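final-v8.tsv, holding TSV, C-alpha atoms:
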```tsv
chain	number	residue	atom	x	y	z
A	1	MET	CA	115.66	175.12	148.71
A	2	ALA	CA	112.95	172.77	147.47
A	3	ASP	CA	109.37	173.90	147.23
A	4	PRO	CA	107.66	171.79	149.90
A	5	LEU	CA	104.41	171.82	147.95
A	6	GLU	CA	105.82	169.82	145.05
A	7	ARG	CA	105.22	166.13	145.52
A	8	LEU	CA	105.49	162.77	143.84
A	9	GLY	CA	102.11	161.72	142.52
A	10	SER	CA	102.22	157.97	143.20
A	11	GLU	CA	101.21	156.91	146.67
A	12	GLU	CA	97.95	158.16	148.10
A	13	GLU	CA	99.53	158.14	151.56
A	14	GLU	CA	102.56	160.19	150.43
A	15	GLU	CA	103.07	163.25	152.66
A	16	ASP	CA	104.40	166.67	151.69
A	17	ALA	CA	107.88	167.59	152.94
A	18	ASP	CA	108.16	169.70	156.11
A	19	GLY	CA	108.79	173.44	155.97
A	20	SER	CA	107.33	176.31	154.00
A	21	SER	CA	108.38	178.65	151.23
A	22	ARG	CA	106.86	181.07	148.72
A	23	LEU	CA	106.20	180.44	145.08
A	24	LYS	CA	109.00	181.90	143.02
A	25	GLU	CA	108.10	184.67	140.63
A	26	ASP	CA	109.32	182.70	137.62
A	27	GLU	CA	106.89	179.88	138.49
A	28	LEU	CA	103.97	182.27	138.04
A	29	CYS	CA	104.73	183.22	134.46
A	30	MET	CA	103.90	181.25	131.33
A	31	GLU	CA	105.94	181.74	128.19
A	32	ILE	CA	104.40	180.30	125.05
A	33	ASP	CA	107.23	178.98	122.95
A	34	PRO	CA	106.92	177.26	120.46
A	35	PRO	CA	103.82	178.95	118.99
A	36	PHE	CA	100.43	177.87	120.24
A	37	ARG	CA	98.67	175.15	118.24
A	38	GLU	CA	94.89	175.26	118.18
A	39	SER	CA	93.23	171.94	118.92
A	40	THR	CA	90.76	170.65	116.33
A	41	ALA	CA	89.77	167.48	118.21
A	42	THR	CA	86.06	166.85	118.74
A	43	THR	CA	84.26	165.13	121.57
A	44	GLU	CA	83.88	162.06	119.36
A	45	ASP	CA	87.64	162.03	118.70
A	46	TRP	CA	88.32	161.96	122.44
A	47	ARG	CA	85.71	159.26	122.99
A	48	LYS	CA	87.38	157.00	120.44
A	49	ALA	CA	90.86	157.69	121.83
A	50	LEU	CA	89.82	156.94	125.40
A	51	ALA	CA	88.05	153.75	124.34
A	52	LYS	CA	91.42	152.49	123.08
A	53	VAL	CA	93.53	153.82	125.95
A	54	VAL	CA	91.55	152.88	129.08
A	55	PRO	CA	91.87	149.07	128.69
A	56	ALA	CA	95.68	149.39	128.51
A	57	VAL	CA	95.94	151.40	131.76
A	58	VAL	CA	96.50	149.39	134.94
A	59	VAL	CA	96.36	150.01	138.67
A	60	LEU	CA	99.66	149.02	140.30
A	61	ARG	CA	99.71	147.80	143.90
A	62	THR	CA	103.22	147.69	145.33
A	63	THR	CA	104.79	146.57	148.60
A	64	ALA	CA	108.42	147.49	149.21
A	65	CYS	CA	111.00	147.29	151.97
A	66	ARG	CA	113.27	150.15	152.96
A	67	ALA	CA	116.12	149.32	150.59
A	68	PHE	CA	118.04	152.57	151.16
A	69	ASP	CA	117.96	155.28	153.80
A	70	THR	CA	116.45	157.73	151.28
A	71	GLU	CA	113.46	155.42	150.75
A	72	ALA	CA	110.53	154.37	152.93
A	73	ALA	CA	108.97	150.94	153.38
A	74	GLY	CA	105.28	150.51	152.77
A	75	ALA	CA	102.44	149.63	150.44
A	76	SER	CA	101.00	151.99	147.88
A	77	TYR	CA	98.89	152.33	144.73
A	78	ALA	CA	99.94	153.90	141.45
A	79	THR	CA	99.31	153.63	137.71
A	80	GLY	CA	101.04	152.18	134.68
A	81	PHE	CA	100.20	151.47	131.06
A	82	VAL	CA	101.02	148.79	128.51
A	83	ILE	CA	103.55	149.87	125.86
A	84	ASP	CA	104.38	146.40	124.52
A	85	LYS	CA	101.52	143.90	124.52
A	86	ARG	CA	103.48	141.02	122.99
A	87	ARG	CA	106.24	141.10	125.60
A	88	GLY	CA	104.04	142.31	128.44
A	89	ILE	CA	105.84	145.56	129.33
A	90	ILE	CA	104.30	148.28	131.48
A	91	LEU	CA	105.75	151.80	131.70
A	92	THR	CA	105.48	153.70	134.98
A	93	ASN	CA	107.62	155.88	137.26
A	94	ARG	CA	110.90	154.98	138.94
A	95	HIS	CA	109.44	155.87	142.32
A	96	VAL	CA	106.69	153.30	141.64
A	97	VAL	CA	109.05	150.51	140.52
A	98	LYS	CA	111.25	151.36	143.54
A	99	PRO	CA	115.07	151.17	143.62
A	100	GLY	CA	115.05	148.00	145.73
A	101	PRO	CA	113.04	144.78	146.21
A	102	VAL	CA	109.35	145.15	145.46
A	103	VAL	CA	106.31	142.87	145.22
A	104	ALA	CA	103.69	144.20	142.81
A	105	GLU	CA	100.43	143.34	141.07
A	106	ALA	CA	98.64	144.99	138.15
A	107	MET	CA	94.86	145.19	137.90
A	108	PHE	CA	93.29	145.82	134.51
A	109	VAL	CA	90.03	147.66	133.98
A	110	ASN	CA	87.99	144.41	133.97
A	111	ARG	CA	89.57	143.49	137.35
A	112	GLU	CA	91.87	140.80	135.99
A	113	GLU	CA	94.97	140.82	138.19
A	114	VAL	CA	98.46	139.62	137.31
A	115	PRO	CA	101.78	139.71	139.18
A	116	VAL	CA	104.31	142.11	137.69
A	117	TYR	CA	108.08	142.13	138.05
A	118	PRO	CA	110.52	145.04	137.78
A	119	ILE	CA	112.81	144.78	134.76
A	120	TYR	CA	114.32	148.27	134.81
A	121	ARG	CA	114.39	151.36	136.98
A	122	ASP	CA	116.40	154.29	135.74
A	123	PRO	CA	119.21	155.35	138.11
A	124	VAL	CA	118.48	159.07	137.56
A	125	HIS	CA	115.22	159.80	135.79
A	126	ASP	CA	111.70	159.04	137.00
A	127	PHE	CA	110.71	156.11	134.82
A	128	GLY	CA	110.84	152.34	135.05
A	129	PHE	CA	109.32	149.17	133.63
A	130	PHE	CA	107.38	146.22	134.96
A	131	CYS	CA	106.74	143.05	132.98
A	132	TYR	CA	103.89	140.51	133.16
A	133	ASP	CA	102.83	137.36	131.36
A	134	PRO	CA	100.56	138.45	128.46
A	135	CYS	CA	98.96	135.00	128.42
A	136	ALA	CA	97.63	135.61	131.93
A	137	ILE	CA	95.11	138.14	130.54
A	138	GLN	CA	92.37	135.89	129.22
A	139	PHE	CA	89.24	138.01	128.92
A	140	LEU	CA	90.20	141.62	128.21
A	141	LYS	CA	90.77	142.94	124.71
A	142	TYR	CA	93.30	145.74	124.76
A	143	GLU	CA	96.06	147.31	122.69
A	144	GLU	CA	99.36	148.86	123.66
A	145	ILE	CA	99.58	152.63	123.91
A	146	PRO	CA	102.05	154.14	121.41
A	147	LEU	CA	104.58	156.72	122.60
A	148	ALA	CA	104.60	160.03	120.72
A	149	PRO	CA	106.74	162.64	122.53
A	150	GLU	CA	107.14	164.58	119.29
A	151	ALA	CA	103.42	165.43	119.41
A	152	ALA	CA	103.84	167.53	122.57
A	153	SER	CA	103.51	171.27	122.10
A	154	VAL	CA	102.42	174.25	124.16
A	155	GLY	CA	98.65	174.52	123.92
A	156	LEU	CA	98.12	170.81	123.22
A	157	GLU	CA	94.93	169.53	124.81
A	158	ILE	CA	95.65	166.39	126.84
A	159	ARG	CA	94.00	163.82	129.09
A	160	VAL	CA	95.62	162.10	132.08
A	161	VAL	CA	94.15	158.60	132.48
A	162	GLY	CA	94.84	156.69	135.67
A	163	ASN	CA	94.17	155.74	139.27
A	164	ASP	CA	93.86	159.31	140.51
A	165	SER	CA	92.88	159.49	144.19
A	166	GLY	CA	92.34	155.72	144.19
A	167	GLU	CA	89.44	155.90	141.72
A	168	LYS	CA	90.88	153.18	139.43
A	169	VAL	CA	89.95	155.08	136.26
A	170	SER	CA	89.96	158.86	136.32
A	171	ILE	CA	90.21	161.07	133.24
A	172	LEU	CA	91.61	164.52	133.91
A	173	ALA	CA	91.75	167.22	131.26
A	174	GLY	CA	94.43	169.84	130.77
A	175	THR	CA	96.48	171.90	128.34
A	176	LEU	CA	100.26	171.72	128.10
A	177	ALA	CA	101.68	175.04	129.31
A	178	HIS	CA	105.40	174.25	129.62
A	179	LEU	CA	107.68	171.84	127.80
A	180	ASP	CA	110.89	172.93	129.52
A	181	ARG	CA	110.13	173.21	133.22
A	182	ASP	CA	112.95	172.31	135.59
A	183	ALA	CA	112.61	168.91	137.21
A	184	PRO	CA	110.46	169.31	140.34
A	185	HIS	CA	112.25	169.09	143.70
A	186	TYR	CA	110.13	166.97	146.03
A	187	LYS	CA	112.27	166.26	149.08
A	188	LYS	CA	115.57	167.35	150.56
A	189	ASP	CA	116.44	163.83	151.75
A	190	GLY	CA	114.57	161.69	149.20
A	191	TYR	CA	114.47	160.94	145.49
A	192	ASN	CA	114.53	163.85	143.06
A	193	ASP	CA	114.96	163.79	139.31
A	194	PHE	CA	117.52	166.14	137.75
A	195	ASN	CA	119.36	167.08	134.56
A	196	THR	CA	116.22	166.97	132.44
A	197	PHE	CA	113.14	169.01	131.58
A	198	TYR	CA	109.53	168.29	132.52
A	199	MET	CA	106.23	169.29	130.97
A	200	GLN	CA	103.57	171.04	133.03
A	201	ALA	CA	99.80	171.42	132.84
A	202	ALA	CA	97.05	172.42	135.26
A	203	SER	CA	95.39	168.99	135.25
A	204	GLY	CA	95.07	168.67	139.04
A	205	THR	CA	96.46	165.15	139.51
A	206	LYS	CA	96.66	163.73	143.01
A	207	GLY	CA	97.90	160.59	144.79
A	208	GLY	CA	97.67	157.34	142.86
A	209	SER	CA	98.16	158.95	139.44
A	210	SER	CA	101.91	158.50	139.07
A	211	GLY	CA	102.68	156.51	135.95
A	212	SER	CA	99.50	157.62	134.17
A	213	PRO	CA	99.75	158.18	130.42
A	214	VAL	CA	99.32	161.76	129.25
A	215	ILE	CA	97.53	161.27	125.94
A	216	ASP	CA	96.55	163.37	122.96
A	217	TRP	CA	93.31	163.03	120.98
A	218	LEU	CA	94.83	160.26	118.85
A	219	GLY	CA	95.39	158.06	121.91
A	220	ARG	CA	99.18	158.48	121.92
A	221	ALA	CA	101.19	158.96	125.12
A	222	VAL	CA	103.04	162.26	124.82
A	223	ALA	CA	104.30	162.13	128.42
A	224	LEU	CA	104.27	160.24	131.72
A	225	ASN	CA	102.60	161.76	134.78
A	226	ALA	CA	105.07	162.04	137.67
A	227	GLY	CA	104.04	164.52	140.38
A	228	SER	CA	102.07	167.61	141.33
A	229	LYS	CA	101.98	170.76	143.44
A	230	SER	CA	99.56	170.54	146.36
A	231	SER	CA	98.93	174.29	146.48
A	232	SER	CA	97.62	174.45	142.91
A	233	ALA	CA	96.39	172.32	140.01
A	234	SER	CA	99.87	172.04	138.50
A	235	ALA	CA	100.96	168.58	137.41
A	236	PHE	CA	104.42	167.57	136.19
A	237	PHE	CA	104.99	165.17	133.30
A	238	PHE	CA	108.13	163.31	132.33
A	239	THR	CA	108.68	163.19	128.59
A	240	THR	CA	108.50	159.80	126.90
A	241	GLY	CA	111.16	160.84	124.38
A	242	THR	CA	113.62	158.38	122.87
A	243	SER	CA	116.50	160.10	124.62
A	244	ASN	CA	114.85	159.41	127.97
A	245	CYS	CA	112.92	156.18	128.21
A	246	THR	CA	112.58	154.47	124.86
A	247	SER	CA	116.21	153.96	123.95
```
Go through the file and emit its structure as structure tokens.
Amino acid sequence: MADPLERLGSEEEEEDADGSSRLKEDELCMEIDPPFRESTATTEDWRKALAKVVPAVVVLRTTACRAFDTEAAGASYATGFVIDKRRGIILTNRHVVKPGPVVAEAMFVNREEVPVYPIYRDPVHDFGFFCYDPCAIQFLKYEEIPLAPEAASVGLEIRVVGNDSGEKVSILAGTLAHLDRDAPHYKKDGYNDFNTFYMQAASGTKGGSSGSPVIDWLGRAVALNAGSKSSSASAFFFTTGTSNCTS
């Protein structure tokens, strides 16, 4: 049975599933494997990394119809980030791109807004892509965020940058505790990822943060924020590995 306290992290108006259950004993333990790596990043290193990352993170505003009986119609806010500046490609979650028709806009940090169009939503895993016209961004200087899933390790200090709780730009700190957590089960009658592993950290993400980049001190995206547990600070990250979303 799904833990009703696990939830998708995208829409601020998303509700938890009905019912109640206890935390399983295996969810309360933390096994450190591979060995812990001590972080040597300084405050200045993080300042430089965030200065590069923040301009490439966008607020996504989506409006979707009820395309399937496992989905709901409505408008919501989420996050995405630019991974290909030349072609105008934004990486975010599948449950943000939606499996059916969607109208969406992206707002950059300087409040420039552009329409975005879905170009891919994975049939199984929680990632998808929007595209936009790069020429439409006339005033903001920004760079794409490189993907570096190989940099993820237990004990890695990370930052989650995105539209957490509708704040447009929030920066949440955390430390990777799991690299091989089972895919979270959000709803009995809705979308759930499966047949893959997730990362986990106590970064305390909330609604609006789905699709946020999980970055290291070099400004590389080691994972993609996907959901959280409402009863704790646990957040669940989908890996940006080549076997998942960069092939």
(message) Just want the 7 Å neighbourhood of Val57 of chain A, counted on only C-alpha atoms, with same-chain residues fewer than 5 positions away dropped. Output as a ChimeraX atom specification.
(response) /A:80-82,108,162
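Close contacts of Pro149 of chain A, defined as residues with an atom at most 7 Å away when counting only C-alpha atoms, with chain neighbours fewer than 4 positions off set aside, comprise Val222, Ala223, Thr239, Thr240 and Gly241 of chain A.
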(request) One decimal, Å: what's the distance from atom CA of Ile158 of chain A over to atom CA of Asp122 of chain A, could you say? (result) 25.6 Å
(request) Would you kindly identify which residues have an atom no farther than 9 Å from (103.5, 159.4, 129.6), using all atoms listed in the file and the file's own coordinates, and write them out as a ChimeraX atom specification? (result) /A:81,91-92,147-149,160,211-215,220-226,237-240
(request) Do a neighbour search on Glu144 of chain A at 10 Å with all atoms listed in the file, toss out local chain neighbours closer than 5 positions, and write the hits as an NGL selection string. (result) :A and (52-53 or 55-57 or 81-86 or 88-90 or 220)
What would the file look like if the residues just selected were written as a short mmCIF file (atom, residue, chain, number, x, y, z; two decimals), keeping the file's coordinate frame with C-alpha atoms?
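The resulting file, part-v2.cif, is shown below:
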```cif
data_model
loop_
_atom_site.label_atom_id
_atom_site.label_comp_id
_atom_site.auth_asym_id
_atom_site.auth_seq_id
_atom_site.Cartn_x
_atom_site.Cartn_y
_atom_site.Cartn_z
CA LYS A 52 91.42 152.49 123.08
CA VAL A 53 93.53 153.82 125.95
CA PRO A 55 91.87 149.07 128.69
CA ALA A 56 95.68 149.39 128.51
CA VAL A 57 95.94 151.40 131.76
CA PHE A 81 100.20 151.47 131.06
CA VAL A 82 101.02 148.79 128.51
CA ILE A 83 103.55 149.87 125.86
CA ASP A 84 104.38 146.40 124.52
CA LYS A 85 101.52 143.90 124.52
CA ARG A 86 103.48 141.02 122.99
CA GLY A 88 104.04 142.31 128.44
CA ILE A 89 105.84 145.56 129.33
CA ILE A 90 104.30 148.28 131.48
CA ARG A 220 99.18 158.48 121.92
#
```
Would you mind writing segment 220-232 of chain A with N, CA and C atoms, as a PDB file, in the frame of the given file?
```pdb
ATOM      1  N   ARG A 220      97.738 158.684 121.798  1.00  0.00           N
ATOM      2  CA  ARG A 220      99.180 158.480 121.920  1.00  0.00           C
ATOM      3  C   ARG A 220      99.673 159.089 123.224  1.00  0.00           C
ATOM      4  N   ALA A 221     100.623 158.441 123.878  1.00  0.00           N
ATOM      5  CA  ALA A 221     101.190 158.960 125.120  1.00  0.00           C
ATOM      6  C   ALA A 221     102.292 159.962 124.793  1.00  0.00           C
ATOM      7  N   VAL A 222     102.038 161.225 125.075  1.00  0.00           N
ATOM      8  CA  VAL A 222     103.040 162.260 124.820  1.00  0.00           C
ATOM      9  C   VAL A 222     103.941 162.469 126.027  1.00  0.00           C
ATOM     10  N   ALA A 223     103.510 161.955 127.196  1.00  0.00           N
ATOM     11  CA  ALA A 223     104.300 162.130 128.420  1.00  0.00           C
ATOM     12  C   ALA A 223     103.814 161.143 129.476  1.00  0.00           C
ATOM     13  N   LEU A 224     104.538 161.136 130.598  1.00  0.00           N
ATOM     14  CA  LEU A 224     104.270 160.240 131.720  1.00  0.00           C
ATOM     15  C   LEU A 224     104.044 161.094 132.968  1.00  0.00           C
ATOM     16  N   ASN A 225     102.871 160.974 133.579  1.00  0.00           N
ATOM     17  CA  ASN A 225     102.600 161.760 134.780  1.00  0.00           C
ATOM     18  C   ASN A 225     103.538 161.351 135.917  1.00  0.00           C
ATOM     19  N   ALA A 226     104.081 162.346 136.640  1.00  0.00           N
ATOM     20  CA  ALA A 226     105.070 162.040 137.670  1.00  0.00           C
ATOM     21  C   ALA A 226     104.736 162.636 139.034  1.00  0.00           C
ATOM     22  N   GLY A 227     104.268 163.880 139.092  1.00  0.00           N
ATOM     23  CA  GLY A 227     104.040 164.520 140.380  1.00  0.00           C
ATOM     24  C   GLY A 227     103.137 165.720 140.243  1.00  0.00           C
ATOM     25  N   SER A 228     102.977 166.464 141.337  1.00  0.00           N
ATOM     26  CA  SER A 228     102.070 167.610 141.330  1.00  0.00           C
ATOM     27  C   SER A 228     102.453 168.592 142.419  1.00  0.00           C
ATOM     28  N   LYS A 229     101.800 169.741 142.405  1.00  0.00           N
ATOM     29  CA  LYS A 229     101.980 170.760 143.440  1.00  0.00           C
ATOM     30  C   LYS A 229     100.685 170.844 144.241  1.00  0.00           C
ATOM     31  N   SER A 230     100.772 170.624 145.540  1.00  0.00           N
ATOM     32  CA  SER A 230      99.560 170.540 146.360  1.00  0.00           C
ATOM     33  C   SER A 230      98.846 171.870 146.513  1.00  0.00           C
ATOM     34  N   SER A 231      99.549 172.984 146.296  1.00  0.00           N
ATOM     35  CA  SER A 231      98.930 174.290 146.480  1.00  0.00           C
ATOM     36  C   SER A 231      98.202 174.786 145.250  1.00  0.00           C
ATOM     37  N   SER A 232      98.267 174.029 144.147  1.00  0.00           N
ATOM     38  CA  SER A 232      97.620 174.450 142.910  1.00  0.00           C
ATOM     39  C   SER A 232      97.240 173.208 142.105  1.00  0.00           C
TER      40      SER A 232
END
```
